[in-house]
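These notes concern the structure reproduced below.
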Protein chains: 2
Amino acid sequence: MRQAGRSLPEYRRVRADVPMLEACARPDMITEITMQPVRRYGVDAAIFFSDIVVPLKAIGIDLDIKPGVGPVVAEPIRDADGIKRLREIEPDDIPFIREAVGQLTGELGNTPLIGFAGAPFTLASYLIEGGPSKNHEHTKALMYGEPELWDEIMRRLASITVGFLRTQIEAGASAVQLFDSWVGALSAEDYRASVMPYSSWIFNQLSEYGIPRIHFGVGTGELLGMLGEAGADVVGADWRVPVDQAAERLGPGKAVQGNLDPATVFAPWEVVAERTRDILARGRSAEGHIFNLGHGVLPNTDPDQLQRLTEFVHEQSAT
Amino acid sequence: MRQAGRSLPEYRRVRADVPMLEACARPDMITEITMQPVRRYGVDAAIFFSDIVVPLKAIGIDLDIKPGVGPVVAEPIRDADGIKRLREIEPDDIPFIREAVGQLTGELGNTPLIGFAGAPFTLASYLIEGGPSKNHEHTKALMYGEPELWDEIMRRLASITVGFLRTQIEAGASAVQLFDSWVGALSAEDYRASVMPYSSWIFNQLSEYGIPRIHFGVGTGELLGMLGEAGADVVGADWRVPVDQAAERLGPGKAVQGNLDPATVFAPWEVVAERTRDILARGRSAEGHIFNLGHGVLPNTDPDQLQRLTEFVHEQSAT
């Protein structure tokens with residue numbers, strides 16, 4: 001359950017005086033925040049606490065995460081000179097990642113740790129727009145109008161992403177999840193031509209480790225098949241596509257992750273239970289199904305409801 | 001081209017000192033702003049300048065449109081008492097609408113005027129959340145947890161919407177477009193059970209006028225068939241679903257509207273032309289196709305590019 005932390009009082013306590021990017025660069029904080037939902041809920045895996053812009057910050061891009069806004073990039077990257085700032089990431093740029101993963105695998109014992117990274121399209125959008133964007137107009141204009149620059153920025157971001165994930169895997173992460181949060185803004189044609197090759201390259205580079213590779217985006221109904229085709233073993237679907245239909249679109253050899261609408265958790269428990277039962281039933285027709293929310297946990301979520309949900313899924317899956 | 005105005009210098013000039021909701025309540029402003037893109041581009045139809053919250057304001061709901069934020073409702077509606085505030089709309093609540101439509105049909109001559117209204121789900125979301133929402137959690141919690149309240153709020157909003165559109169039609173609008181901007185946040189199952197009956201009722205109420213009824217939402221790939229089934233004659237598709245596939249999902253008897261990505265207009269002209277040609281070609285397999293952007297015009301759009309696009313579509317359609 002990604003971002004399960006931010007709805008927890010213990011999370012708000014540790015983060016009270018610590019800005020997001022500082023929290024993501026301190027091994028003690030990363031470890032504590034990653035562990036919080038595992039301790040409280042007993043979920044089946046931990047997801048590494050980080051932010052998709054952490055590797056960009058680590059190679060020297062001037063950016064910050066503004067509360068209530070998101071990542072803001074001081075100088076948006078829109079030309080060849082800007083792209084040169086996207087240098088390779090080296091293990092020494094992110095010693096705190098290695099250290100945190102090491103601490104975590106110790107604390108987690110048999111509970112797997114899922115490594116975390118943003119995918120090139122979503123990273124490119126932040127860098128090109130200069131911050132969060134509803135319409136991605138500068139990103140798309142560059143993608144359509146300057147294909148060589150686009151190729152260069154996407155190659156560099158793919159390489160940075162692989163470096164960021166390698167560090168996590170080599171320090172002990174036993175699966176990875178690649179978040180392409182905004183890829184649902186693209187048509188299938190654009191995804192195939194201008195994004196899939198780079199995500200594909202990432203999954204390919206990681207195949208030597210033989211660990212599960214999870215891919216996730218929001219509003220990806222039209223793209224699901226291709227998200228799997230790109231090389232992920234598991235594809236997350238938001239709540240817009242029922243799990244059995246998602247499995248069909250993915251085709252053989254793929255598992256589905258999802259997909260209770262995080263807003264559903266605000267409804268009375270009976271509704272949550274009924275919807276969860278339905279999702280689990282649909283999941284049985286998939287080759288593999290990881291129950292999860294269809295998107296990150298919303299900040300005002302009642303932790304007791306998530307606790308009950310976790311127990312319910314465990315009970316139902318045991319029968 | 002919805003919101004074509006806001007990218008125009010002449011729009012910014014007339015709106016300079018006039019807040020949005022005041023502009024929407026002054027017949028001279030409505031007429032001027034509705035006419036601006038028609039005058040400049042020579043598009044085939046005008047879309048009535050308004051905002052989806054105008055009928056709510058007109059029945060006394062305390063709300064405002066904050067620049068850069070959107071509609072903000074002073075007291076969100078979340079219980080039976082709140083819902084009582086949603087009274088029927090009477091023609092006397094919106095004399096400025098009647099007057100503006102009258103002026104416009106005079107000025108427009110043979111160019112059709114498309115009436116404008118928001119659909120119940122999107123209106124309900126603003127009222128229940130109290131403003132724009134990414135996750136619609138209060139709305140969904142009420143929809144799932146309190147079906148009787150949900151039914152009451154949706155019935156009342158549907159009735160208000162019909163009143164708002166009747167006024168426009170009876171004053172001379174020759175088509176209507178119902179905007180359910182946020183309906184793409186729902187699963188197909190939720191749409192069918194909790195939203196479609198009310199949109200359906202609206203289209204049904206308007207059938208006596210025998211004018212084209214257009215329906216539009218964003219991110220509606222999973223819902224397209226049902227948006228048509230609800231009773232629209234024309235369904236707008238955003239750029240995520242190619243027009244020929246949208247026509248297939250809609251089935252017989254429906255026309256498609258769309259669907260150039262508004263961000264594409266930021267790319268070099270050759271790219272815009274190529275994409276437009278593709279959309280027009282795909283549109284030939286539909287029973288009817290209205291070329292349009294796949295969503296509203298973005299504020300920083302270059303008016304010259306839209307001018308060229310309009311001319312290009314006219315040329316291509318003439319051949």
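By order of appearance in the structure tokens: chains A, B, ..., then residues from 1 within every chain, and ligands from 1 in the order shown.
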- Message: Quick check for you: according to DSSP on this backbone, which residues of range 58-271 of chain B are classed as strand (DSSP E)? Reply as a ChimeraX atom specification.
- Response: /B:63-66,70-73,113-118,175-179,213-216,234-236,255-260
Can you write just those residues out, N, CA and C atoms, as a short mmCIF file (atom, residue, chain, number, x, y, z; two decimals), in the first residue's frame?
```cif
data_model
loop_
_atom_site.label_atom_id
_atom_site.label_comp_id
_atom_site.auth_asym_id
_atom_site.auth_seq_id
_atom_site.Cartn_x
_atom_site.Cartn_y
_atom_site.Cartn_z
N LEU B 63 -21.26 30.07 -3.40
CA LEU B 63 -20.03 29.54 -3.98
C LEU B 63 -19.36 30.62 -4.80
N ASP B 64 -18.09 30.41 -5.08
CA ASP B 64 -17.34 31.36 -5.90
C ASP B 64 -16.33 30.58 -6.75
N ILE B 65 -15.89 31.21 -7.83
CA ILE B 65 -14.83 30.57 -8.62
C ILE B 65 -13.54 31.31 -8.34
N LYS B 66 -12.61 30.62 -7.69
CA LYS B 66 -11.34 31.26 -7.34
C LYS B 66 -10.33 31.04 -8.45
N GLY B 70 -10.65 27.08 -8.90
CA GLY B 70 -11.90 26.55 -9.44
C GLY B 70 -13.04 26.88 -8.49
N PRO B 71 -14.19 26.24 -8.66
CA PRO B 71 -15.34 26.54 -7.81
C PRO B 71 -15.09 26.13 -6.36
N VAL B 72 -15.39 27.03 -5.45
CA VAL B 72 -15.27 26.72 -4.02
C VAL B 72 -16.63 26.97 -3.38
N VAL B 73 -17.13 25.96 -2.68
CA VAL B 73 -18.47 26.01 -2.09
C VAL B 73 -18.31 26.34 -0.60
N LEU B 113 -25.86 27.62 -32.02
CA LEU B 113 -25.40 27.84 -30.64
C LEU B 113 -25.62 26.56 -29.85
N ILE B 114 -24.54 26.07 -29.23
CA ILE B 114 -24.64 24.87 -28.39
C ILE B 114 -24.82 25.29 -26.94
N GLY B 115 -25.93 24.87 -26.34
CA GLY B 115 -26.17 25.16 -24.93
C GLY B 115 -25.21 24.38 -24.06
N PHE B 116 -25.05 24.83 -22.81
CA PHE B 116 -23.98 24.32 -21.95
C PHE B 116 -24.51 24.02 -20.55
N ALA B 117 -24.19 22.85 -20.02
CA ALA B 117 -24.48 22.57 -18.61
C ALA B 117 -23.55 21.50 -18.08
N GLY B 118 -23.34 21.50 -16.78
CA GLY B 118 -22.60 20.43 -16.10
C GLY B 118 -23.55 19.29 -15.76
N ALA B 175 -28.58 23.08 -29.99
CA ALA B 175 -28.00 21.79 -29.56
C ALA B 175 -27.63 22.00 -28.10
N VAL B 176 -27.36 20.94 -27.38
CA VAL B 176 -26.88 21.10 -26.00
C VAL B 176 -25.69 20.19 -25.78
N GLN B 177 -24.80 20.61 -24.88
CA GLN B 177 -23.69 19.75 -24.48
C GLN B 177 -23.68 19.64 -22.96
N LEU B 178 -23.71 18.42 -22.51
CA LEU B 178 -23.72 18.14 -21.07
C LEU B 178 -22.32 17.66 -20.68
N PHE B 179 -21.66 18.43 -19.82
CA PHE B 179 -20.28 18.15 -19.42
C PHE B 179 -20.24 17.38 -18.11
N ARG B 213 -28.02 16.19 -28.77
CA ARG B 213 -27.58 16.22 -27.37
C ARG B 213 -26.18 15.61 -27.32
N ILE B 214 -25.22 16.43 -26.91
CA ILE B 214 -23.81 16.02 -26.87
C ILE B 214 -23.42 15.75 -25.41
N HIS B 215 -22.63 14.74 -25.18
CA HIS B 215 -22.20 14.40 -23.81
C HIS B 215 -20.68 14.31 -23.82
N PHE B 216 -20.05 14.81 -22.77
CA PHE B 216 -18.59 14.82 -22.75
C PHE B 216 -18.03 14.61 -21.35
N VAL B 234 -24.46 12.43 -29.52
CA VAL B 234 -23.05 12.62 -29.85
C VAL B 234 -22.27 12.46 -28.55
N VAL B 235 -21.17 11.70 -28.59
CA VAL B 235 -20.35 11.54 -27.39
C VAL B 235 -18.93 12.02 -27.68
N GLY B 236 -18.45 12.89 -26.82
CA GLY B 236 -17.08 13.38 -26.95
C GLY B 236 -16.11 12.36 -26.37
N ALA B 255 -22.88 9.60 -32.94
CA ALA B 255 -21.75 10.31 -33.55
C ALA B 255 -20.67 10.52 -32.49
N VAL B 256 -19.44 10.67 -32.95
CA VAL B 256 -18.30 10.92 -32.04
C VAL B 256 -17.83 12.36 -32.21
N GLN B 257 -17.44 12.96 -31.12
CA GLN B 257 -16.84 14.30 -31.17
C GLN B 257 -15.41 14.20 -30.63
N GLY B 258 -14.48 14.78 -31.34
CA GLY B 258 -13.10 14.78 -30.84
C GLY B 258 -12.10 14.74 -31.97
N ASN B 259 -10.84 14.49 -31.66
CA ASN B 259 -10.26 14.37 -30.36
C ASN B 259 -8.78 14.67 -30.37
N LEU B 260 -8.41 15.80 -30.94
CA LEU B 260 -7.00 16.21 -30.93
C LEU B 260 -6.61 16.62 -29.50
#
```
- For chain A against chain B, which residues fall within 7 Å using only C-alpha atoms, given as a PyMOL selection string? chain A and resi 135-137+140-141+144-145+186-188+239-241+263-264+266-268+271
- Select, from B:Ser125, B:Ser199, B:Asn204, B:Thr161, the residue with the minimum atom-to-atom distance to Val54 in chain B, counting only C-alpha atoms.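 Counting only C-alpha atoms, the residue closest to Val54 in chain B is B:Thr161.
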Shell of 8 Å around range 39-44 of chain B, only C-alpha atoms, local chain residues under 4 positions omitted, as a short mmCIF file (atom, residue, chain, number, x, y, z; two decimals) with N, CA and C atoms, in the first residue's frame:
```
data_model
loop_
_atom_site.label_atom_id
_atom_site.label_comp_id
_atom_site.auth_asym_id
_atom_site.auth_seq_id
_atom_site.Cartn_x
_atom_site.Cartn_y
_atom_site.Cartn_z
N MET B 35 -19.03 34.91 -28.67
CA MET B 35 -18.79 35.27 -30.08
C MET B 35 -17.30 35.28 -30.45
N THR B 111 -25.00 30.19 -37.78
CA THR B 111 -24.09 29.38 -36.97
C THR B 111 -24.83 28.89 -35.72
N PRO B 112 -24.86 27.58 -35.50
CA PRO B 112 -25.63 27.07 -34.35
C PRO B 112 -25.00 27.44 -33.01
N LEU B 306 -4.53 27.72 -33.64
CA LEU B 306 -5.94 27.28 -33.70
C LEU B 306 -6.61 27.77 -34.98
N GLN B 307 -6.22 28.96 -35.39
CA GLN B 307 -6.73 29.52 -36.65
C GLN B 307 -6.36 28.60 -37.81
N THR B 310 -8.30 25.33 -37.65
CA THR B 310 -9.68 25.44 -38.12
C THR B 310 -9.72 25.45 -39.65
#
```
- Message: Set the distance at 12 Å and use only C-alpha atoms: which residues neighbour Ala173 in chain A once local chain neighbours fewer than 6 positions away are removed? I'd like the list as an NGL selection string.
- Response: :A and (45-48 or 97-106 or 108-116 or 164-167 or 209-213)
Can you list, as a PDB file with all heavy atoms, in the first residue's frame, every protein, DNA or RNA residue that comes within 12 Å of Ala25 in chain B when you count only C-alpha atoms, leaving out same-chain residues fewer than 6 positions away?
```pdb
ATOM      1  N   VAL B  18     -13.306  41.635 -14.369  1.00  0.00           N
ATOM      2  CA  VAL B  18     -14.613  41.030 -14.097  1.00  0.00           C
ATOM      3  C   VAL B  18     -14.425  39.591 -13.624  1.00  0.00           C
ATOM      4  O   VAL B  18     -13.918  38.748 -14.354  1.00  0.00           O
ATOM      5  CB  VAL B  18     -15.495  41.051 -15.373  1.00  0.00           C
ATOM      6  CG1 VAL B  18     -16.899  40.567 -15.045  1.00  0.00           C
ATOM      7  CG2 VAL B  18     -15.507  42.437 -15.993  1.00  0.00           C
ATOM      8  N   PRO B  19     -14.820  39.310 -12.374  1.00  0.00           N
ATOM      9  CA  PRO B  19     -14.697  37.932 -11.892  1.00  0.00           C
ATOM     10  C   PRO B  19     -15.554  36.978 -12.740  1.00  0.00           C
ATOM     11  O   PRO B  19     -16.571  37.391 -13.312  1.00  0.00           O
ATOM     12  CB  PRO B  19     -15.233  37.993 -10.461  1.00  0.00           C
ATOM     13  CG  PRO B  19     -15.287  39.445 -10.100  1.00  0.00           C
ATOM     14  CD  PRO B  19     -15.416  40.202 -11.377  1.00  0.00           C
ATOM     15  N   THR B  31     -22.430  37.177 -24.281  1.00  0.00           N
ATOM     16  CA  THR B  31     -22.536  37.263 -25.736  1.00  0.00           C
ATOM     17  C   THR B  31     -21.168  37.539 -26.361  1.00  0.00           C
ATOM     18  O   THR B  31     -20.739  36.850 -27.286  1.00  0.00           O
ATOM     19  CB  THR B  31     -23.529  38.374 -26.127  1.00  0.00           C
ATOM     20  OG1 THR B  31     -24.790  38.055 -25.526  1.00  0.00           O
ATOM     21  CG2 THR B  31     -23.696  38.472 -27.631  1.00  0.00           C
ATOM     22  N   PHE B  49     -20.989  30.531 -23.459  1.00  0.00           N
ATOM     23  CA  PHE B  49     -20.041  30.821 -22.384  1.00  0.00           C
ATOM     24  C   PHE B  49     -20.762  30.790 -21.042  1.00  0.00           C
ATOM     25  O   PHE B  49     -21.690  31.570 -20.806  1.00  0.00           O
ATOM     26  CB  PHE B  49     -19.397  32.192 -22.591  1.00  0.00           C
ATOM     27  CG  PHE B  49     -18.538  32.617 -21.431  1.00  0.00           C
ATOM     28  CD1 PHE B  49     -17.293  32.031 -21.221  1.00  0.00           C
ATOM     29  CD2 PHE B  49     -18.981  33.586 -20.537  1.00  0.00           C
ATOM     30  CE1 PHE B  49     -16.505  32.414 -20.140  1.00  0.00           C
ATOM     31  CE2 PHE B  49     -18.196  33.969 -19.452  1.00  0.00           C
ATOM     32  CZ  PHE B  49     -16.960  33.386 -19.254  1.00  0.00           C
ATOM     33  N   SER B  50     -20.340  29.907 -20.173  1.00  0.00           N
ATOM     34  CA  SER B  50     -20.932  29.821 -18.839  1.00  0.00           C
ATOM     35  C   SER B  50     -19.999  28.987 -17.982  1.00  0.00           C
ATOM     36  O   SER B  50     -18.860  28.704 -18.362  1.00  0.00           O
ATOM     37  CB  SER B  50     -22.312  29.163 -18.922  1.00  0.00           C
ATOM     38  OG  SER B  50     -22.987  29.317 -17.689  1.00  0.00           O
ATOM     39  N   ASP B  51     -20.455  28.620 -16.820  1.00  0.00           N
ATOM     40  CA  ASP B  51     -19.689  27.711 -15.972  1.00  0.00           C
ATOM     41  C   ASP B  51     -20.672  26.705 -15.385  1.00  0.00           C
ATOM     42  O   ASP B  51     -21.840  27.046 -15.164  1.00  0.00           O
ATOM     43  CB  ASP B  51     -18.986  28.473 -14.845  1.00  0.00           C
ATOM     44  CG  ASP B  51     -18.049  27.560 -14.085  1.00  0.00           C
ATOM     45  OD1 ASP B  51     -18.517  26.872 -13.141  1.00  0.00           O
ATOM     46  OD2 ASP B  51     -16.866  27.472 -14.453  1.00  0.00           O
ATOM     47  N   VAL B  53     -21.191  25.743 -12.539  1.00  0.00           N
ATOM     48  CA  VAL B  53     -21.816  26.076 -11.245  1.00  0.00           C
ATOM     49  C   VAL B  53     -22.811  27.239 -11.341  1.00  0.00           C
ATOM     50  O   VAL B  53     -23.453  27.578 -10.339  1.00  0.00           O
ATOM     51  CB  VAL B  53     -20.771  26.371 -10.139  1.00  0.00           C
ATOM     52  CG1 VAL B  53     -19.892  25.153  -9.903  1.00  0.00           C
ATOM     53  CG2 VAL B  53     -19.937  27.602 -10.450  1.00  0.00           C
ATOM     54  N   VAL B  54     -22.968  27.828 -12.518  1.00  0.00           N
ATOM     55  CA  VAL B  54     -23.874  28.982 -12.654  1.00  0.00           C
ATOM     56  C   VAL B  54     -25.304  28.674 -12.155  1.00  0.00           C
ATOM     57  O   VAL B  54     -25.873  29.449 -11.382  1.00  0.00           O
ATOM     58  CB  VAL B  54     -23.855  29.533 -14.099  1.00  0.00           C
ATOM     59  CG1 VAL B  54     -25.023  30.475 -14.361  1.00  0.00           C
ATOM     60  CG2 VAL B  54     -22.521  30.241 -14.361  1.00  0.00           C
ATOM     61  N   PRO B  55     -25.911  27.544 -12.551  1.00  0.00           N
ATOM     62  CA  PRO B  55     -27.269  27.279 -12.040  1.00  0.00           C
ATOM     63  C   PRO B  55     -27.309  27.081 -10.519  1.00  0.00           C
ATOM     64  O   PRO B  55     -28.316  27.402  -9.881  1.00  0.00           O
ATOM     65  CB  PRO B  55     -27.707  26.013 -12.779  1.00  0.00           C
ATOM     66  CG  PRO B  55     -26.454  25.417 -13.346  1.00  0.00           C
ATOM     67  CD  PRO B  55     -25.500  26.539 -13.553  1.00  0.00           C
ATOM     68  N   LYS B  57     -25.300  28.624  -8.295  1.00  0.00           N
ATOM     69  CA  LYS B  57     -25.236  29.995  -7.773  1.00  0.00           C
ATOM     70  C   LYS B  57     -26.623  30.658  -7.899  1.00  0.00           C
ATOM     71  O   LYS B  57     -27.078  31.337  -6.974  1.00  0.00           O
ATOM     72  CB  LYS B  57     -24.193  30.770  -8.601  1.00  0.00           C
ATOM     73  CG  LYS B  57     -24.045  32.237  -8.274  1.00  0.00           C
ATOM     74  CD  LYS B  57     -23.059  32.443  -7.167  1.00  0.00           C
ATOM     75  CE  LYS B  57     -22.877  33.921  -6.857  1.00  0.00           C
ATOM     76  NZ  LYS B  57     -22.073  34.127  -5.654  1.00  0.00           N
ATOM     77  N   ALA B  58     -27.274  30.417  -9.026  1.00  0.00           N
ATOM     78  CA  ALA B  58     -28.566  31.072  -9.301  1.00  0.00           C
ATOM     79  C   ALA B  58     -29.669  30.645  -8.335  1.00  0.00           C
ATOM     80  O   ALA B  58     -30.614  31.393  -8.096  1.00  0.00           O
ATOM     81  CB  ALA B  58     -28.998  30.797 -10.743  1.00  0.00           C
ATOM     82  N   ASP B  93     -34.776  32.839 -12.137  1.00  0.00           N
ATOM     83  CA  ASP B  93     -33.456  32.799 -11.492  1.00  0.00           C
ATOM     84  C   ASP B  93     -32.350  33.145 -12.485  1.00  0.00           C
ATOM     85  O   ASP B  93     -31.245  33.513 -12.078  1.00  0.00           O
ATOM     86  CB  ASP B  93     -33.154  31.390 -10.939  1.00  0.00           C
ATOM     87  CG  ASP B  93     -34.116  30.979  -9.830  1.00  0.00           C
ATOM     88  OD1 ASP B  93     -34.424  31.844  -8.979  1.00  0.00           O
ATOM     89  OD2 ASP B  93     -34.556  29.816  -9.820  1.00  0.00           O
ATOM     90  N   ILE B  94     -32.638  32.941 -13.769  1.00  0.00           N
ATOM     91  CA  ILE B  94     -31.573  33.102 -14.768  1.00  0.00           C
ATOM     92  C   ILE B  94     -32.028  33.912 -15.987  1.00  0.00           C
ATOM     93  O   ILE B  94     -31.860  33.484 -17.138  1.00  0.00           O
ATOM     94  CB  ILE B  94     -31.024  31.715 -15.224  1.00  0.00           C
ATOM     95  CG1 ILE B  94     -32.187  30.721 -15.453  1.00  0.00           C
ATOM     96  CG2 ILE B  94     -30.024  31.168 -14.233  1.00  0.00           C
ATOM     97  CD1 ILE B  94     -31.741  29.371 -16.040  1.00  0.00           C
ATOM     98  N   PRO B  95     -32.572  35.115 -15.735  1.00  0.00           N
ATOM     99  CA  PRO B  95     -33.013  35.940 -16.881  1.00  0.00           C
ATOM    100  C   PRO B  95     -31.839  36.264 -17.806  1.00  0.00           C
ATOM    101  O   PRO B  95     -32.022  36.394 -19.017  1.00  0.00           O
ATOM    102  CB  PRO B  95     -33.555  37.204 -16.202  1.00  0.00           C
ATOM    103  CG  PRO B  95     -32.901  37.253 -14.859  1.00  0.00           C
ATOM    104  CD  PRO B  95     -32.745  35.811 -14.452  1.00  0.00           C
ATOM    105  N   PHE B  96     -30.647  36.399 -17.219  1.00  0.00           N
ATOM    106  CA  PHE B  96     -29.454  36.744 -18.016  1.00  0.00           C
ATOM    107  C   PHE B  96     -29.114  35.648 -19.029  1.00  0.00           C
ATOM    108  O   PHE B  96     -28.516  35.929 -20.069  1.00  0.00           O
ATOM    109  CB  PHE B  96     -28.269  37.025 -17.083  1.00  0.00           C
ATOM    110  CG  PHE B  96     -28.000  35.940 -16.068  1.00  0.00           C
ATOM    111  CD1 PHE B  96     -27.146  34.890 -16.372  1.00  0.00           C
ATOM    112  CD2 PHE B  96     -28.615  35.960 -14.804  1.00  0.00           C
ATOM    113  CE1 PHE B  96     -26.891  33.885 -15.436  1.00  0.00           C
ATOM    114  CE2 PHE B  96     -28.377  34.960 -13.869  1.00  0.00           C
ATOM    115  CZ  PHE B  96     -27.513  33.917 -14.186  1.00  0.00           C
ATOM    116  N   ILE B  97     -29.471  34.417 -18.715  1.00  0.00           N
ATOM    117  CA  ILE B  97     -29.208  33.316 -19.656  1.00  0.00           C
ATOM    118  C   ILE B  97     -30.131  33.474 -20.871  1.00  0.00           C
ATOM    119  O   ILE B  97     -29.692  33.442 -22.024  1.00  0.00           O
ATOM    120  CB  ILE B  97     -29.453  31.944 -18.979  1.00  0.00           C
ATOM    121  CG1 ILE B  97     -28.489  31.721 -17.812  1.00  0.00           C
ATOM    122  CG2 ILE B  97     -29.374  30.805 -20.009  1.00  0.00           C
ATOM    123  CD1 ILE B  97     -27.067  31.377 -18.201  1.00  0.00           C
ATOM    124  N   ARG B  98     -31.410  33.669 -20.573  1.00  0.00           N
ATOM    125  CA  ARG B  98     -32.384  33.834 -21.663  1.00  0.00           C
ATOM    126  C   ARG B  98     -31.981  35.004 -22.549  1.00  0.00           C
ATOM    127  O   ARG B  98     -31.972  34.918 -23.773  1.00  0.00           O
ATOM    128  CB  ARG B  98     -33.772  34.055 -21.063  1.00  0.00           C
ATOM    129  CG  ARG B  98     -34.910  33.875 -22.058  1.00  0.00           C
ATOM    130  CD  ARG B  98     -36.274  33.889 -21.364  1.00  0.00           C
ATOM    131  NE  ARG B  98     -36.389  35.035 -20.463  1.00  0.00           N
ATOM    132  CZ  ARG B  98     -36.659  34.942 -19.154  1.00  0.00           C
ATOM    133  NH1 ARG B  98     -36.835  33.778 -18.569  1.00  0.00           N
ATOM    134  NH2 ARG B  98     -36.754  36.046 -18.423  1.00  0.00           N
ATOM    135  N   GLU B  99     -31.634  36.098 -21.899  1.00  0.00           N
ATOM    136  CA  GLU B  99     -31.291  37.297 -22.654  1.00  0.00           C
ATOM    137  C   GLU B  99     -30.052  37.075 -23.535  1.00  0.00           C
ATOM    138  O   GLU B  99     -30.030  37.457 -24.718  1.00  0.00           O
ATOM    139  CB  GLU B  99     -31.053  38.459 -21.675  1.00  0.00           C
ATOM    140  CG  GLU B  99     -31.103  39.820 -22.345  1.00  0.00           C
ATOM    141  CD  GLU B  99     -30.903  40.957 -21.342  1.00  0.00           C
ATOM    142  OE1 GLU B  99     -31.374  40.842 -20.177  1.00  0.00           O
ATOM    143  OE2 GLU B  99     -30.252  41.952 -21.712  1.00  0.00           O
ATOM    144  N   ALA B 100     -29.024  36.468 -22.956  1.00  0.00           N
ATOM    145  CA  ALA B 100     -27.784  36.241 -23.715  1.00  0.00           C
ATOM    146  C   ALA B 100     -28.031  35.302 -24.895  1.00  0.00           C
ATOM    147  O   ALA B 100     -27.547  35.545 -26.007  1.00  0.00           O
ATOM    148  CB  ALA B 100     -26.707  35.662 -22.796  1.00  0.00           C
TER     149      ALA B 100
END
```
- Arg6 in chain B proximity check over B:Ala193, B:Val297, B:Val313, B:Ile52, using only C-alpha atoms: winner is B:Val297
- Task: Pick out the closest residue to Thr276 in chain B from this set: B:Glu10, B:Glu315, B:Glu248, B:Asp302. Count only C-alpha atoms.
- Result: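 Between B:Glu10, B:Glu315, B:Glu248, B:Asp302, the residue approaching Thr276 in chain B most closely is B:Glu315.
For the pair CA of Ile202 in chain A and CA of Leu250 in chain A, the separation is 18.9 Å.
From CA of Glu148 in chain B back to CA of Ala74 in chain B, the distance works out to 23.8 Å.
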- Write out as a PyMOL selection string the residues lying within 6 Å of Ile77 in chain B, counting only C-alpha atoms and excluding same-chain residues fewer than 5 positions away. chain B and resi 82+127-128
Would you write out those residues with C-alpha atoms, as an mmCIF file, in the first residue's frame?
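Output below, filename part-v9.cif:
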```
data_model
loop_
_atom_site.group_PDB
_atom_site.id
_atom_site.type_symbol
_atom_site.label_atom_id
_atom_site.label_comp_id
_atom_site.auth_asym_id
_atom_site.auth_seq_id
_atom_site.Cartn_x
_atom_site.Cartn_y
_atom_site.Cartn_z
ATOM 1 C CA GLY B 82 -27.818 20.443 2.973
ATOM 2 C CA LEU B 127 -20.924 20.393 -3.752
ATOM 3 C CA ILE B 128 -19.929 17.430 -1.595
#
```
- Message: As an exercise, work out the distance from CA of Gly283 in chain A to CA of Val243 in chain A in Å and give it to one decimal place.
- Response: 5.7 Å
